[in-house]
Amino acid sequence: MRLLDVEGLEVSYGAVRALRGVDLYVDSGEIVGLVGANGAGKSTLLRAISGLVKVHSGSVRFSGAELGRAATMRIVAAGIAHVPEGRRVWPDMSVAENLKLGGVIAGGNTEAERLERALTLFPELRDRLRQKAGTLSGGEQQMLAIGRGLMSRPKLLMLDEPSLGLAPVVVQRLKELFATLKRDGLTILLSEQNARLALGATDRAYVLAEGRILTSGTPHDLLENADLISAYLGES
Ligand code: ATP
């Protein structure tokens with residue numbers, strides 16, 4: 001079933017045309033990657049889906065409803081969570097406060113149940129609930145940022161460059177986490193410059209260049225295209 005359907009999306013920052021007519025879809029239960037060089041427009045695409053930048057034209061449909069010009073609160077309530085680039089945890093608030101704020105717009109089960117679910121996924125945070133988030137390691141902050149995103153009980157989790165600056169062992173942990181979340185029925189859209197993670201953990205991926213989708217396919221298909229790999233995916 002189609003969960004997210006983006007068509008003809010255009011976004012500009014003043015004279016900079018960051019997205020030039022992007023078409024992309026994500027089906028329920030898929031892990032979809034978004035790869036491309038620095039500045040290709042990956043963050044802008046996720047921000048446009050989240051309502052954080054103004055959409056100039058095109059549409060974003062989620063579970064069949066148009067969200068292209070909706071407020072971020074409504075988009076979160078519809079079931080989209082966005083884990084931004086650079087984690088953006090609130091450094092002076094405790095781990096517990098960070099998690100609870102992620103669940104402010106959530107229906108369904110209670111805050112305690114959602115918190116327990118996040119701590120089952122990230123046991124390393126359990127002993128640190130009172131600690132200030134800014135004192136966690138980069139990897140722990142990434143886990144916290146993802147845990148915070150999950151607190152809104154999303155249907156679609158969007159992650160912007162989650163592996164940036166993290167040690168290989170933490171990147172491996174992320175890969176396993178995505179597989180666990182998929183088994184639990186979550187759908188994931190993952191923006192990554194780390195081609196190994198993007199293609200090793202996804203069902204399909206899109207290659208974005210200069211605000212346009214260059215190509216898309218299964219990791220197997222994309223890895224067969226040698227020109228593509230050297231131009232956009234780096235060594236993998
Ligand atoms: P990165 O990995 O660096 O985040 P990206 O693929 O996510 O790269 P975007 O951050 O979406 O790319 O940027 C797309 C284009 O829009 C780039 O040319 C960038 O310079 C420009 N851009 C992004 N944010 C702004 C902004 N707030 N104001 C002006 N231009 C911007």
# chains A, B, ... in the order shown; residues from 1 in each chain; ligands from 1
$ residues_near_ligand --ligand "ligand 1" --cutoff "8 Å" --atoms "only C-alpha atoms and all ligand atoms" --output "ChimeraX atom specification"
/A:12-14,16-19,35-45,85,160-161,191-193,208-211
$ residues_around --residues "His56 of chain A" --least-positions-apart "6" --cutoff "9 Å" --atoms "only C-alpha atoms" --output "MDAnalysis selection string"
chainID A and resid 9:12
$ write_last_selection --atoms "C-alpha atoms" --output "JSON list (two decimals), in the first residue's frame"
[["chain", "number", "residue", "atom", "x", "y", "z"],
["A", 9, "LEU", "CA", 7.86, 18.82, -5.66],
["A", 10, "GLU", "CA", 9.61, 22.16, -6.09],
["A", 11, "VAL", "CA", 11.26, 24.16, -3.31],
["A", 12, "SER", "CA", 13.40, 27.28, -3.61]]
$ residues_around --residues "Gly149 of chain A" --least-positions-apart "2" --cutoff "8 Å" --atoms "only C-alpha atoms" --output "ChimeraX atom specification"
/A:81-83,102-103,145-147,151-154,157
$ residues_around --residues "Lys132 of chain A" --least-positions-apart "3" --cutoff "7 Å" --atoms "only C-alpha atoms" --output "PyMOL selection string"
chain A and resi 91-95+135
$ select_by_dssp --residues "segment 10-91 of chain A" --states "strand (DSSP E)" --output "PyMOL selection string"
chain A and resi 10-13+16-27+31-35+57-62+65-66+80-83
$ atom_distance --atom1 "atom CA of Leu115 of chain A" --atom2 "atom CA of Arg148 of chain A"
9.1 Å
